[in-house]
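Trainee: This is the content of protein04.cif (mmCIF, C-alpha atoms and all ligand atoms):
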data_target
#
loop_
_atom_site.label_atom_id
_atom_site.label_comp_id
_atom_site.auth_asym_id
_atom_site.auth_seq_id
_atom_site.Cartn_x
_atom_site.Cartn_y
_atom_site.Cartn_z
CA MET Z 1 -282.32 -124.34 67.37
CA THR Z 2 -282.82 -122.88 70.85
CA LYS Z 3 -279.74 -123.17 72.98
CA THR Z 4 -279.80 -124.99 76.31
CA LYS Z 5 -279.24 -122.53 79.15
CA VAL Z 6 -276.41 -123.77 81.34
CA GLY Z 7 -275.65 -122.27 84.72
CA ILE Z 8 -271.99 -122.71 85.59
CA LEU Z 9 -271.83 -122.69 89.36
CA PHE Z 10 -268.43 -121.85 90.80
CA GLY Z 11 -266.48 -120.55 93.80
CA GLY Z 12 -268.06 -121.68 97.03
CA LYS Z 13 -267.48 -121.55 100.75
CA SER Z 14 -264.70 -124.10 100.61
CA VAL Z 15 -260.94 -124.32 100.95
CA GLU Z 16 -261.01 -125.26 97.25
CA HIS Z 17 -262.69 -121.97 96.22
CA ASP Z 18 -259.80 -120.80 94.05
CA VAL Z 19 -259.37 -124.16 92.33
CA SER Z 20 -263.07 -124.10 91.48
CA ILE Z 21 -262.64 -120.71 89.77
CA ILE Z 22 -259.85 -122.04 87.54
CA SER Z 23 -261.89 -125.14 86.64
CA ALA Z 24 -264.96 -123.01 85.86
CA GLN Z 25 -262.94 -120.58 83.72
CA ASN Z 26 -261.93 -123.52 81.57
CA ILE Z 27 -265.44 -124.89 81.27
CA ALA Z 28 -266.76 -121.44 80.34
CA LYS Z 29 -263.98 -121.16 77.75
CA TYR Z 30 -264.45 -124.55 76.11
CA ILE Z 31 -268.23 -125.07 76.35
CA ASP Z 32 -269.86 -125.37 72.91
CA THR Z 33 -271.52 -121.95 72.55
CA LYS Z 34 -273.37 -123.18 69.45
CA LYS Z 35 -275.35 -125.50 71.70
CA PHE Z 36 -275.30 -123.77 75.06
CA GLU Z 37 -275.98 -120.33 76.46
CA VAL Z 38 -273.95 -119.79 79.61
CA THR Z 39 -275.04 -118.07 82.80
CA LEU Z 40 -272.39 -117.60 85.47
CA LEU Z 41 -273.48 -118.28 89.02
CA GLY Z 42 -270.77 -117.45 91.55
CA ILE Z 43 -270.69 -118.24 95.25
CA ASP Z 44 -268.29 -116.06 97.22
CA LYS Z 45 -266.16 -117.25 100.12
CA THR Z 46 -268.81 -116.28 102.65
CA GLY Z 47 -271.43 -118.37 100.81
CA ASP Z 48 -273.35 -115.51 99.11
CA TRP Z 49 -274.58 -116.16 95.55
CA PHE Z 50 -274.19 -113.73 92.62
CA LEU Z 51 -275.00 -113.55 88.93
CA CYS Z 52 -271.61 -112.76 87.39
CA ASN Z 53 -270.34 -111.40 84.07
CA GLU Z 54 -267.11 -113.34 84.20
CA VAL Z 55 -265.54 -116.26 86.04
CA SER Z 56 -263.12 -114.49 88.34
CA LYS Z 57 -262.30 -113.91 91.98
CA ASN Z 58 -264.50 -110.79 91.98
CA ILE Z 59 -267.65 -112.81 92.52
CA SER Z 60 -269.29 -110.31 94.86
CA ASN Z 61 -269.19 -107.63 92.12
CA GLY Z 62 -272.06 -109.54 90.52
CA GLU Z 63 -275.79 -109.10 91.13
CA PRO Z 64 -277.05 -110.82 94.31
CA LEU Z 65 -279.06 -113.96 93.56
CA HIS Z 66 -282.20 -115.24 95.27
CA LEU Z 67 -283.97 -118.54 94.95
CA THR Z 68 -287.76 -118.63 94.80
CA LEU Z 69 -289.33 -121.92 95.69
CA LYS Z 70 -292.69 -121.84 93.97
CA ALA Z 71 -293.95 -125.36 93.38
CA SER Z 72 -294.96 -124.38 89.82
CA GLY Z 73 -291.44 -123.38 88.89
CA PRO Z 74 -288.69 -122.64 91.38
CA SER Z 75 -286.06 -120.34 89.96
CA PHE Z 76 -283.06 -118.14 90.55
CA ARG Z 77 -283.78 -114.40 90.45
CA THR Z 78 -281.91 -111.17 90.79
CA SER Z 79 -283.72 -108.23 92.42
CA ASN Z 80 -285.64 -107.50 89.23
CA ARG Z 81 -285.67 -110.54 86.97
CA LYS Z 82 -285.76 -114.29 86.65
CA VAL Z 83 -282.48 -116.01 85.77
CA GLU Z 84 -283.33 -118.79 83.35
CA VAL Z 85 -281.26 -121.97 83.60
CA ASP Z 86 -282.21 -125.34 82.11
CA VAL Z 87 -279.37 -127.18 83.81
CA VAL Z 88 -276.62 -126.35 86.29
CA PHE Z 89 -273.02 -127.52 86.05
CA PRO Z 90 -271.69 -127.35 89.62
CA VAL Z 91 -267.95 -126.79 89.30
CA LEU Z 92 -267.45 -126.69 93.03
CA HIS Z 93 -264.88 -128.72 94.87
CA GLY Z 94 -265.12 -129.85 98.47
CA THR Z 95 -267.38 -128.65 101.26
CA ASP Z 96 -270.88 -127.46 100.31
CA GLY Z 97 -270.24 -128.20 96.64
CA GLU Z 98 -269.14 -131.77 96.24
CA ASP Z 99 -270.78 -133.11 99.40
CA GLY Z 100 -274.44 -133.25 98.36
CA SER Z 101 -275.62 -130.00 99.89
CA ILE Z 102 -275.75 -127.97 96.67
CA GLN Z 103 -277.11 -131.06 94.91
CA GLY Z 104 -279.94 -131.15 97.49
CA LEU Z 105 -280.68 -127.50 96.90
CA LEU Z 106 -280.80 -127.93 93.12
CA GLN Z 107 -282.91 -131.05 93.46
CA THR Z 108 -285.39 -129.23 95.71
CA ALA Z 109 -285.54 -126.43 93.14
CA ASN Z 110 -286.18 -129.08 90.44
CA ILE Z 111 -283.19 -127.92 88.40
CA PRO Z 112 -281.23 -130.65 86.58
CA TYR Z 113 -277.53 -130.67 87.45
CA VAL Z 114 -274.40 -132.37 86.20
CA GLY Z 115 -272.82 -135.06 88.32
CA SER Z 116 -273.58 -137.23 91.29
CA ASP Z 117 -276.77 -136.60 93.21
CA ILE Z 118 -277.11 -136.12 96.96
CA LEU Z 119 -276.34 -139.72 97.86
CA GLY Z 120 -273.31 -140.28 95.64
CA SER Z 121 -271.86 -136.87 96.46
CA ALA Z 122 -272.27 -137.23 100.21
CA VAL Z 123 -270.94 -140.78 100.31
CA SER Z 124 -267.91 -140.03 98.15
CA MET Z 125 -267.03 -136.82 99.96
CA ASP Z 126 -266.98 -138.57 103.32
CA LYS Z 127 -263.80 -140.63 103.22
CA LEU Z 128 -264.89 -142.79 106.16
CA THR Z 129 -268.33 -143.64 104.75
CA SER Z 130 -266.95 -144.28 101.28
CA LYS Z 131 -264.24 -146.56 102.72
CA ARG Z 132 -266.87 -148.57 104.55
CA ILE Z 133 -268.95 -148.93 101.38
CA LEU Z 134 -265.92 -149.84 99.27
CA GLU Z 135 -264.78 -152.42 101.84
CA ASN Z 136 -268.26 -153.88 101.79
CA ALA Z 137 -268.15 -154.09 97.99
CA GLY Z 138 -264.86 -155.99 98.16
CA VAL Z 139 -262.73 -153.08 96.93
CA PRO Z 140 -259.31 -152.99 98.63
CA VAL Z 141 -258.71 -149.86 100.75
CA ALA Z 142 -255.90 -148.86 103.14
CA ASN Z 143 -256.21 -150.14 106.73
CA TYR Z 144 -257.46 -147.41 108.99
CA LEU Z 145 -258.55 -146.20 112.39
CA THR Z 146 -260.98 -143.40 112.98
CA TYR Z 147 -261.41 -140.84 115.77
CA THR Z 148 -263.81 -138.01 116.48
CA LYS Z 149 -262.63 -134.63 117.75
CA LYS Z 150 -263.95 -135.54 121.21
CA GLU Z 151 -261.70 -138.61 121.24
CA VAL Z 152 -258.53 -136.65 120.51
CA LYS Z 153 -257.17 -137.35 124.01
CA ASP Z 154 -257.44 -141.11 123.34
CA ILE Z 155 -255.25 -141.04 120.24
CA ASP Z 156 -252.08 -142.81 121.31
CA TYR Z 157 -249.12 -142.68 118.93
CA ASP Z 158 -247.75 -146.11 119.97
CA TYR Z 159 -251.16 -147.72 119.62
CA VAL Z 160 -251.56 -146.31 116.09
CA VAL Z 161 -248.10 -147.56 115.12
CA SER Z 162 -248.89 -151.03 116.55
CA LYS Z 163 -252.03 -151.18 114.39
CA LEU Z 164 -250.97 -149.43 111.19
CA GLY Z 165 -247.17 -149.34 111.24
CA SER Z 166 -244.98 -146.31 110.69
CA PRO Z 167 -245.15 -143.95 108.91
CA PHE Z 168 -248.93 -143.42 108.79
CA ILE Z 169 -251.24 -140.79 107.34
CA ILE Z 170 -253.78 -138.63 109.12
CA LYS Z 171 -256.49 -136.82 107.18
CA PRO Z 172 -259.83 -135.09 107.74
CA ALA Z 173 -262.77 -137.32 106.74
CA ASN Z 174 -264.46 -134.51 104.80
CA LEU Z 175 -262.06 -132.30 102.94
CA GLY Z 176 -259.98 -132.22 99.80
CA SER Z 177 -256.93 -130.78 98.04
CA SER Z 178 -254.72 -132.41 100.72
CA VAL Z 179 -255.69 -129.74 103.25
CA GLY Z 180 -255.19 -131.15 106.76
CA VAL Z 181 -253.41 -134.28 105.47
CA PHE Z 182 -250.14 -135.23 107.22
CA LYS Z 183 -247.63 -138.05 106.96
CA ILE Z 184 -246.54 -138.97 110.48
CA SER Z 185 -243.15 -140.63 110.98
CA LYS Z 186 -242.44 -139.68 114.60
CA GLU Z 187 -244.32 -138.86 117.78
CA GLU Z 188 -242.86 -135.36 117.97
CA GLY Z 189 -245.28 -132.88 116.42
CA PHE Z 190 -248.08 -135.47 116.14
CA GLU Z 191 -250.35 -133.66 118.61
CA GLU Z 192 -250.00 -130.32 116.79
CA LYS Z 193 -250.80 -131.93 113.45
CA LEU Z 194 -253.88 -133.59 114.92
CA ALA Z 195 -254.96 -130.21 116.31
CA THR Z 196 -254.55 -128.66 112.85
CA LEU Z 197 -256.59 -131.48 111.30
CA PHE Z 198 -259.35 -131.08 113.88
CA GLY Z 199 -259.48 -127.39 113.00
CA PHE Z 200 -260.86 -128.51 109.62
CA ASP Z 201 -263.10 -131.42 110.55
CA THR Z 202 -264.60 -133.32 113.47
CA ILE Z 203 -263.61 -136.77 112.19
CA ALA Z 204 -260.04 -137.93 111.57
CA LEU Z 205 -259.01 -140.89 109.48
CA VAL Z 206 -255.72 -142.48 110.44
CA GLU Z 207 -254.45 -144.70 107.63
CA GLU Z 208 -251.58 -147.04 107.00
CA TYR Z 209 -249.10 -145.36 104.67
CA ILE Z 210 -249.25 -146.98 101.25
CA GLU Z 211 -245.86 -147.08 99.62
CA GLY Z 212 -246.62 -147.08 95.94
CA ARG Z 213 -247.43 -145.23 92.74
CA GLU Z 214 -250.36 -142.78 92.63
CA LEU Z 215 -252.76 -143.43 89.81
CA GLU Z 216 -256.06 -141.88 88.77
CA CYS Z 217 -258.82 -143.28 86.59
CA ALA Z 218 -261.58 -141.25 84.93
CA ILE Z 219 -265.13 -142.59 84.70
CA ILE Z 220 -267.92 -141.27 82.48
CA GLY Z 221 -271.48 -142.47 81.99
CA ASN Z 222 -274.42 -143.97 83.83
CA ASP Z 223 -276.04 -147.13 82.47
CA ASN Z 224 -272.85 -148.36 80.90
CA PRO Z 225 -270.07 -146.24 82.43
CA LYS Z 226 -266.64 -146.26 80.80
CA ALA Z 227 -263.29 -146.20 82.57
CA SER Z 228 -260.24 -144.50 81.05
CA PRO Z 229 -256.77 -145.97 81.18
CA PRO Z 230 -255.08 -144.70 84.35
CA GLY Z 231 -252.82 -141.67 84.56
CA GLU Z 232 -249.95 -141.40 87.01
CA ILE Z 233 -248.82 -138.59 89.27
CA ILE Z 234 -245.08 -138.68 89.74
CA LEU Z 235 -243.83 -136.44 92.52
CA LYS Z 236 -240.55 -134.68 91.88
CA GLY Z 237 -238.43 -132.91 94.42
CA ASP Z 238 -238.81 -133.09 98.14
CA TYR Z 239 -242.47 -133.80 98.60
CA GLU Z 240 -243.45 -136.56 101.00
CA PHE Z 241 -246.84 -136.92 99.35
CA TYR Z 242 -249.16 -135.11 96.93
CA SER Z 243 -249.69 -132.08 99.18
CA PHE Z 244 -251.63 -128.85 98.58
CA GLU Z 245 -248.42 -127.15 97.55
CA ALA Z 246 -247.50 -129.91 95.13
CA LYS Z 247 -251.02 -129.84 93.67
CA TYR Z 248 -251.55 -126.11 93.20
CA VAL Z 249 -248.65 -123.90 94.22
CA ASP Z 250 -245.49 -125.41 92.80
CA GLY Z 251 -245.89 -125.77 89.05
CA ASP Z 252 -242.85 -128.07 88.92
CA ALA Z 253 -243.83 -130.48 91.68
CA VAL Z 254 -245.26 -133.29 89.59
CA ASP Z 255 -245.16 -134.98 86.25
CA LEU Z 256 -248.45 -136.32 84.97
CA VAL Z 257 -247.89 -139.42 82.90
CA ILE Z 258 -250.88 -140.05 80.68
CA PRO Z 259 -251.49 -142.88 80.16
CA ALA Z 260 -249.55 -144.41 83.06
CA LYS Z 261 -246.97 -146.99 82.15
CA VAL Z 262 -248.55 -150.08 83.67
CA GLY Z 263 -249.02 -153.46 82.09
CA ALA Z 264 -252.26 -154.51 80.40
CA SER Z 265 -253.45 -156.68 83.27
CA ILE Z 266 -252.84 -153.95 85.89
CA GLU Z 267 -254.66 -151.46 83.65
CA GLN Z 268 -257.59 -153.83 83.35
CA ARG Z 269 -257.75 -154.36 87.11
CA ILE Z 270 -257.60 -150.59 87.75
CA LYS Z 271 -260.52 -150.05 85.39
CA GLU Z 272 -262.53 -152.81 87.06
CA LEU Z 273 -261.89 -151.54 90.60
CA SER Z 274 -262.64 -147.96 89.54
CA LEU Z 275 -265.94 -148.92 87.93
CA GLN Z 276 -266.82 -151.04 90.96
CA SER Z 277 -266.07 -148.06 93.25
CA TYR Z 278 -268.12 -145.69 91.07
CA GLN Z 279 -271.11 -147.98 91.13
CA ALA Z 280 -270.86 -148.99 94.80
CA THR Z 281 -270.95 -145.33 95.86
CA SER Z 282 -273.83 -144.43 93.48
CA CYS Z 283 -271.87 -141.92 91.42
CA LYS Z 284 -273.58 -140.26 88.45
CA ASP Z 285 -272.31 -138.87 85.11
CA PHE Z 286 -268.62 -138.71 86.03
CA ALA Z 287 -265.99 -139.13 88.71
CA ARG Z 288 -262.27 -139.57 89.15
CA ILE Z 289 -261.12 -142.55 91.16
CA ASP Z 290 -257.70 -142.25 92.84
CA LEU Z 291 -255.69 -145.36 93.55
CA PHE Z 292 -252.31 -146.60 94.75
CA LEU Z 293 -250.32 -149.33 93.02
CA ARG Z 294 -247.84 -151.23 95.19
CA GLU Z 295 -244.68 -152.68 93.76
CA ASN Z 296 -246.13 -156.18 94.16
CA GLY Z 297 -249.01 -155.24 91.83
CA GLU Z 298 -251.56 -154.77 94.61
CA ILE Z 299 -254.06 -151.97 93.88
CA ILE Z 300 -255.71 -149.94 96.64
CA VAL Z 301 -258.49 -147.43 96.09
CA ASN Z 302 -257.76 -144.17 97.91
CA GLU Z 303 -260.69 -141.90 97.18
CA ILE Z 304 -263.48 -140.86 94.83
CA ASN Z 305 -263.83 -137.32 93.51
CA THR Z 306 -267.33 -136.59 92.19
CA ILE Z 307 -266.37 -133.17 90.79
CA PRO Z 308 -262.78 -133.59 89.65
CA GLY Z 309 -260.65 -130.63 88.60
CA PHE Z 310 -261.18 -129.19 85.13
CA THR Z 311 -258.15 -126.91 84.98
CA ASN Z 312 -255.72 -126.99 82.05
CA ILE Z 313 -253.43 -129.29 83.98
CA SER Z 314 -256.17 -131.46 85.48
CA MET Z 315 -256.02 -135.19 85.06
CA TYR Z 316 -259.75 -135.86 84.49
CA PRO Z 317 -260.26 -134.18 81.09
CA LYS Z 318 -256.90 -135.53 79.89
CA LEU Z 319 -257.81 -139.10 80.83
CA ILE Z 320 -261.20 -138.76 79.15
CA GLY Z 321 -259.26 -137.59 76.09
CA LEU Z 322 -257.76 -141.10 75.96
CA LEU Z 323 -261.30 -142.38 75.32
CA GLY Z 324 -261.45 -140.12 72.25
CA ILE Z 325 -263.65 -137.50 73.91
CA GLU Z 326 -262.10 -134.05 73.68
CA TYR Z 327 -262.75 -131.24 76.19
CA THR Z 328 -265.68 -129.49 74.48
CA ASP Z 329 -267.39 -132.78 73.68
CA LEU Z 330 -266.86 -133.91 77.29
CA ILE Z 331 -268.74 -130.86 78.60
CA THR Z 332 -271.55 -131.45 76.08
CA GLN Z 333 -271.85 -135.12 77.02
CA LEU Z 334 -271.96 -134.35 80.76
CA ILE Z 335 -274.68 -131.73 80.35
CA ASN Z 336 -276.75 -134.01 78.12
CA MET Z 337 -276.43 -136.86 80.62
CA ALA Z 338 -277.68 -134.59 83.41
CA ILE Z 339 -280.72 -133.49 81.39
CA LEU Z 340 -281.54 -137.08 80.44
CA ARG Z 341 -281.31 -138.28 84.05
CA HIS Z 342 -283.59 -135.48 85.18
CA LYS Z 343 -286.16 -136.44 82.52
CA GLU Z 344 -286.01 -140.04 83.65
CA LEU Z 345 -286.49 -139.01 87.29
CA GLY Z 346 -289.52 -136.98 86.22
CA ARG Z 347 -291.13 -140.18 84.98
CA VAL Z 348 -291.08 -141.67 88.47
CA THR Z 349 -294.50 -141.45 90.11
CA THR Z 350 -294.41 -139.15 93.13
CA SER Z 351 -298.02 -139.47 94.25
CA PHE Z 352 -299.81 -142.45 95.67
CA GLU Z 353 -303.55 -142.57 96.17
CA SER Z 354 -304.63 -144.08 99.46
CA ASN Z 355 -307.57 -143.87 101.83
CA LEU Z 356 -305.59 -142.20 104.62
N1 LIG H 1 -252.90 -144.04 102.98
C1 LIG H 1 -252.07 -143.27 102.27
N2 LIG H 1 -250.82 -143.72 101.96
C2 LIG H 1 -249.94 -142.95 101.27
N3 LIG H 1 -250.23 -141.70 100.87
C3 LIG H 1 -251.45 -141.20 101.14
C4 LIG H 1 -252.44 -141.96 101.85
N4 LIG H 1 -253.55 -141.21 101.97
C5 LIG H 1 -253.27 -140.04 101.38
N5 LIG H 1 -252.02 -140.02 100.88
C6 LIG H 1 -251.36 -138.89 100.18
O1 LIG H 1 -252.04 -137.68 100.50
C7 LIG H 1 -252.66 -137.13 99.34
C8 LIG H 1 -254.00 -136.51 99.71
O2 LIG H 1 -254.81 -137.47 100.35
P1 LIG H 1 -256.27 -137.82 99.84
O3 LIG H 1 -256.77 -138.93 100.67
O4 LIG H 1 -256.24 -138.05 98.39
O5 LIG H 1 -257.08 -136.51 100.21
P2 LIG H 1 -257.59 -135.27 99.35
O6 LIG H 1 -259.07 -135.44 99.26
O7 LIG H 1 -257.23 -134.10 100.18
O8 LIG H 1 -256.93 -135.32 98.01
C9 LIG H 1 -252.76 -138.30 98.37
O9 LIG H 1 -252.82 -137.85 97.04
C10 LIG H 1 -251.46 -139.07 98.69
O10 LIG H 1 -250.33 -138.43 98.11
MG MG H 2 -256.84 -136.92 96.71
#
Write out the structure in this file as structure tokens.
Ligand SMILES: Nc1ncnc2c1ncn2[C@@H]1O[C@H](COP(=O)(O)OP(=O)(O)O)[C@@H](O)[C@H]1O
Ligand SMILES: [Mg+2]

Mentor:
Amino acid sequence: MTKTKVGILFGGKSVEHDVSIISAQNIAKYIDTKKFEVTLLGIDKTGDWFLCNEVSKNISNGEPLHLTLKASGPSFRTSNRKVEVDVVFPVLHGTDGEDGSIQGLLQTANIPYVGSDILGSAVSMDKLTSKRILENAGVPVANYLTYTKKEVKDIDYDYVVSKLGSPFIIKPANLGSSVGVFKISKEEGFEEKLATLFGFDTIALVEEYIEGRELECAIIGNDNPKASPPGEIILKGDYEFYSFEAKYVDGDAVDLVIPAKVGASIEQRIKELSLQSYQATSCKDFARIDLFLRENGEIIVNEINTIPGFTNISMYPKLIGLLGIEYTDLITQLINMAILRHKELGRVTTSFESNL
């Protein structure tokens, strides 16, 4: 049996570069090598691509990669040979990886890839656009205001409090890993935090603060996607919210409770809202939906991650485990889904005869 050639794409010009490397190390470790032959495609922090021997921070030690765009068969190449890949698994988080841009590149090169396509990636990455779509689909989201960088002078603390209450949250529309996210409880320091946020993005979301439990739900599949039971993130210590430090730096910051201790009807509602969110935003293959649960049982969808973390401590693979799909099988299923979708797309007619 010939093995399917899988390109694991990792790193990237993103604040989540290092997280991507840890996720990709895991995928490279657990992928079924009886079925798949792995090629490692690294993107360094400046955005240069390399063919690598290992998943590590030393991406630029690899051989520089080029992309040829011949209509008969676009391909990756090094200076002297073609790099064969049947399918790419982008294990990139955040900017340029999860936002549709890499997906557009792979699509143009006619290379199948795991996960949401351009539309689903772009919509889910942009917290403002995804909120608007979710609202439209009847999915509850946190109340919000939005400002562009040019409008920064118009952001009035008292006005925000009158609309959203205090405390409130500010976050960049297009980022991840809690970078640029702040909980604001007083006017002092607000301007500086906004300035920091606008260093990362040109659009700010200002949201009501949701007092509640943080839950995550894993989705897998396309025609008949399945939702896992939710998992819960319980913050320990002094953290005000699930910050970058709590996520990646402080190993003792959180307890992951899998599955979350919620009643059957809450669990059912979380699954429904997560599936609804996945479908409304055109996600493909997999995604992790993050939600809040208020004490009164109200559920609010926070955000959609189209390439969730795959590290040893990541929620997504653990939640999928609750569906009876273990890590290696999960990777196999995702790759097979991507190949199948690409085949189906290939059946769509792309020419149209006319008299023009
Ligand atoms: N409206 C909100 N109410 C309460 N906490 C929030 C709210 N929005 C974000 N947070 C906190 O900030 C964290 C990061 O925000 P999130 O919107 O998930 O962005 P990111 O894409 O960076 O993960 C969340 O996990 C949560 O702890
Ligand atoms: Mg988040």

Trainee: Around all listed atoms of ligand LIG 1 (chain H), padded 5 Å per side, what centre and edge lengths does the axis-aligned box have in Å to one decimal, as AutoDock Vina command-line options?

Mentor:
--center_x -254.5 --center_y -139.1 --center_z 100.0 --size_x 19.1 --size_y 19.9 --size_z 15.9

Trainee: Quick one: residues within 7 Å of region 108-111 of chain Z, all atoms listed in the file, excluding same-chain residues fewer than 6 positions away - as JSON, numbers by chain?

Mentor: {"Z": [69, 74, 75, 86, 87]}

Trainee: From the set Z:Phe241, Z:Tyr316, Z:Tyr147, Z:Tyr113, which residue has the shortest atom-to-atom contact distance to ligand LIG 1 (chain H), counting only C-alpha atoms and all ligand atoms?

Mentor: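 Between Z:Phe241, Z:Tyr316, Z:Tyr147, Z:Tyr113, the residue approaching ligand LIG 1 (chain H) most closely is Z:Phe241.
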
Trainee: Tell me which protein, DNA and RNA residues are within 12 Å of Thr202 (chain Z), counting all atoms listed in the file, leaving out same-chain ones fewer than 2 positions away, and put them as a VMD selection string.

Mentor: chain Z and resid 126 128 146 to 152 171 to 175 180 194 to 200 204 to 205

Trainee: Within 9 Å of ligand LIG 1 (chain H), counting all atoms listed in the file, which protein or nucleic acid residues do you find, written as JSON, numbers by chain?

Mentor: {"Z": [94, 125, 127, 141, 142, 143, 144, 167, 168, 169, 170, 171, 172, 173, 174, 175, 176, 177, 178, 179, 180, 181, 182, 183, 206, 207, 208, 209, 210, 211, 212, 214, 233, 235, 240, 241, 242, 243, 244, 247, 290, 291, 292, 302, 303, 304, 305]}

Trainee: From the list Z:Val114, Z:Ile21, Z:Val83, Z:Val91, which residue is nearest Leu340 (chain Z) when using all atoms listed in the file?

Mentor: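 Of all the options, Z:Val114 lies closest to Leu340 (chain Z).
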
Trainee: So, with all atoms listed in the file as the atoms that count, which of Z:Ile335, Z:Ile307, Z:Leu105, Z:Ile184 lies closest to ligand MG 2 (chain H)?

Mentor: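 Among the listed residues, Z:Ile307 lies closest to ligand MG 2 (chain H).
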
Trainee: Go ahead and compute the interatomic distance for CA of Trp49 (chain Z) and CA of Pro64 (chain Z), in Å to one decimal.

Mentor: 6.0 Å

Trainee: Looking at all atoms listed in the file, which of Z:Ile299, Z:Met315, Z:Leu41, Z:Ala122 is the one that sits closest to ligand MG 2 (chain H)?

Mentor: Z:Met315

Trainee: Provide the CA of Leu67 (chain Z) to CA of Ser116 (chain Z) distance in Å, to one decimal place.

Mentor: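 Going from CA of Leu67 (chain Z) over to CA of Ser116 (chain Z) covers 21.7 Å.
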
Trainee: Which residues are close to Arg213 (chain Z), i.e. within 7 Å by all atoms listed in the file, leaving aside same-chain residues fewer than 2 positions away? Reply as a list in words.

Mentor: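 The residues that qualify are Leu215, Phe292, Leu293 and Arg294 of chain Z.
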
Trainee: Using all atoms listed in the file, which of Z:Val160, Z:Ala137, Z:Val262, Z:Ile8 sits nearest Val85 (chain Z)?

Mentor: Z:Ile8

Trainee: With all atoms listed in the file as the basis for distance, which of Z:Arg77, Z:Lys153, Z:His17, Z:Arg288 is at the shortest distance from Gly47 (chain Z)?

Mentor: Z:His17

Trainee: Distance CA of Lys57 (chain Z)-CA of Glu37 (chain Z), one decimal place?

Mentor: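 Result for CA of Lys57 (chain Z) versus CA of Glu37 (chain Z): 21.7 Å, one decimal.
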
Trainee: In file coordinates, which residues lie within 12 Å of (-259.4, -129.2, 81.4) using only C-alpha atoms, given as a ChimeraX atom specification?

Mentor: /Z:20,22-31,91,308-321,325-331

Trainee: Pick out the residues sitting within 7 Å of Glu232 (chain Z), and hand them over as a ChimeraX atom specification; count all atoms listed in the file, and ignore anything fewer than 4 positions along from it in its own chain.

Mentor: /Z:214-216,256-258,260
